[in-house]
Amino acid sequence: MLHHIPNASFVLGEMGRVTRAGGYALVREPITSMGDWRRPRAGLTVHERGLPIELFEGMVDRAGFDVVRRRYCMLGPLQKVLTRVMHRPFNSGLATRLDWFGCAMMVWNRSYHATTPVQKLRPGSVYLVLCKR
């Protein structure tokens with residue numbers, strides 16, 4: 001939900017403020033660009049954008065959370081193929097494991113703006129398990 005909000009760092013700070021010490025938060029956020037804001041983007045809200053992983057994890061730290069677990073997910077090309085083949089691919093254990101494996105293999109390729117075909121083979125989101133300090 002943070003990628004829809006223009007002041008995501010404030011909202012994450014509020015999450016940190018209201019979470020007890022030792023409490024957990026589960027967050028999945030896009031970590032890639034969602035296109036050019038200068039033009040209308042079909043299917044996206046006005047402020048919708050991914051958060052670069054370094055920026056996002058800095059916001060998490062400033063909000064008082066430690067990252068307990070980090071998993072990358074939503075490998076772009078695989079997601080498109082699975083969506084065509086299966087009605088709801090991420091309700092399938094097999095599809096989820098394929099996505100996890102593909103993202104684990106391509107985690108080195110975390111470019112925010114994809115400008116080449118190789119850069120499009122990247123995890124699109126990160127899933128974090130956070131614990132309040």
# chains A, B, ... in the order shown; residues from 1 in each chain; ligands from 1

call {"tool": "select_by_dssp", "arguments": {"residues": "range 95-133 of chain A", "states": "helix (DSSP H, G or I)", "output": "PyMOL selection string"}}
result
chain A and resi 95-106+118-120

call {"tool": "write_last_selection", "arguments": {"atoms": "C-alpha atoms", "output": "PDB file, in the first residue's frame"}}
result
ATOM      1  CA  ALA A  95       3.940 -20.916  -9.061  1.00  0.00           C
ATOM      2  CA  THR A  96       5.065 -19.269  -5.824  1.00  0.00           C
ATOM      3  CA  ARG A  97       8.129 -21.533  -5.602  1.00  0.00           C
ATOM      4  CA  LEU A  98       8.999 -20.890  -9.259  1.00  0.00           C
ATOM      5  CA  ASP A  99       8.761 -17.154  -8.617  1.00  0.00           C
ATOM      6  CA  TRP A 100      10.898 -17.416  -5.466  1.00  0.00           C
ATOM      7  CA  PHE A 101      13.551 -19.449  -7.297  1.00  0.00           C
ATOM      8  CA  GLY A 102      13.605 -17.098 -10.301  1.00  0.00           C
ATOM      9  CA  CYS A 103      13.931 -14.037  -8.067  1.00  0.00           C
ATOM     10  CA  ALA A 104      16.666 -15.688  -6.001  1.00  0.00           C
ATOM     11  CA  MET A 105      18.620 -16.287  -9.218  1.00  0.00           C
ATOM     12  CA  MET A 106      18.114 -12.717 -10.460  1.00  0.00           C
ATOM     13  CA  VAL A 118      18.296  -8.076 -19.392  1.00  0.00           C
ATOM     14  CA  GLN A 119      17.359  -5.491 -16.753  1.00  0.00           C
ATOM     15  CA  LYS A 120      13.706  -6.538 -17.105  1.00  0.00           C
TER      16      LYS A 120
END

call {"tool": "select_by_dssp", "arguments": {"residues": "chain A", "states": "strand (DSSP E)", "output": "ChimeraX atom specification"}}
result
/A:24-30,65-75,123-132

call {"tool": "atom_distance", "arguments": {"atom1": "CA of Gly16 in chain A", "atom2": "CA of His3 in chain A"}}
result
17.2 Å

call {"tool": "residues_around", "arguments": {"residues": "range 50-67 of chain A", "least_positions_apart": "2", "cutoff": "7 Å", "atoms": "only C-alpha atoms", "output": "CSV table (one decimal) with C-alpha atoms, in the first residue's frame"}}
result
chain,number,residue,atom,x,y,z
A,3,HIS,CA,3.5,2.7,-3.2
A,9,SER,CA,8.1,7.5,4.8
A,12,LEU,CA,6.0,3.9,7.6
A,13,GLY,CA,7.1,6.0,10.6
A,16,GLY,CA,6.7,2.1,13.7
A,30,PRO,CA,7.3,-2.9,-5.5
A,31,ILE,CA,11.0,-1.9,-5.8
A,32,THR,CA,10.9,-1.0,-9.5
A,33,SER,CA,9.8,2.0,-11.4
A,34,MET,CA,6.2,2.0,-12.6
A,69,ARG,CA,13.4,-11.8,6.7
A,70,ARG,CA,13.7,-10.4,3.2
A,112,TYR,CA,15.1,0.5,-10.6
A,128,LEU,CA,9.9,-8.0,4.4
A,129,VAL,CA,9.2,-9.4,7.8
A,130,LEU,CA,9.9,-6.5,10.2
A,131,CYS,CA,10.4,-6.5,14.0
A,132,LYS,CA,10.1,-3.3,16.0
A,133,ARG,CA,13.2,-2.5,18.0

call {"tool": "closest_residue", "arguments": {"among": "A:Val107, A:Val126, A:Leu44, A:Val68", "to": "Val27 in chain A", "atoms": "only C-alpha atoms"}}
result
A:Val126

call {"tool": "residues_around", "arguments": {"residues": "Pro77 in chain A", "least_positions_apart": "4", "cutoff": "9 Å", "atoms": "only C-alpha atoms", "output": "list in words"}}
result
Val81, Leu82, Lys120, Leu121 and Arg122 of chain A

call {"tool": "atom_distance", "arguments": {"atom1": "CA of Glu48 in chain A", "atom2": "CA of Arg28 in chain A"}}
result
14.3 Å

call {"tool": "closest_residue", "arguments": {"among": "A:Phe10, A:Trp108, A:Phe90, A:Tyr24", "to": "Pro123 in chain A", "atoms": "only C-alpha atoms"}}
result
A:Trp108

call {"tool": "atom_distance", "arguments": {"atom1": "CA of Asp36 in chain A", "atom2": "CA of Leu78 in chain A"}}
result
23.1 Å

call {"tool": "closest_residue", "arguments": {"among": "A:Met86, A:Ala25, A:Val18, A:Cys73", "to": "Ser125 in chain A", "atoms": "only C-alpha atoms"}}
result
A:Cys73

call {"tool": "residues_around", "arguments": {"residues": "Val46 in chain A", "least_positions_apart": "5", "cutoff": "12 Å", "atoms": "only C-alpha atoms", "output": "list in words"}}
result
His3, His4, Ile5, Pro6, Met34, Gly35, Asp36, Trp37, Arg38, Arg39, Pro40 and Arg41 of chain A

call {"tool": "write_last_selection", "arguments": {"atoms": "C-alpha atoms", "output": "compact mmCIF listing (two decimals), in the first residue's frame"}}
result
# COMPACT_ATOMS: atom_id res chain seq x y z
CA HIS A 3 3.54 2.70 -3.20
CA HIS A 4 0.14 4.45 -3.53
CA ILE A 5 0.91 7.10 -0.90
CA PRO A 6 2.90 10.28 -1.71
CA MET A 34 6.22 1.98 -12.62
CA GLY A 35 6.69 4.20 -15.62
CA ASP A 36 6.93 7.85 -16.59
CA TRP A 37 4.89 10.16 -14.34
CA ARG A 38 4.73 12.86 -17.01
CA ARG A 39 2.12 10.89 -18.95
CA PRO A 40 -1.05 9.06 -17.83
CA ARG A 41 -0.26 5.45 -16.93
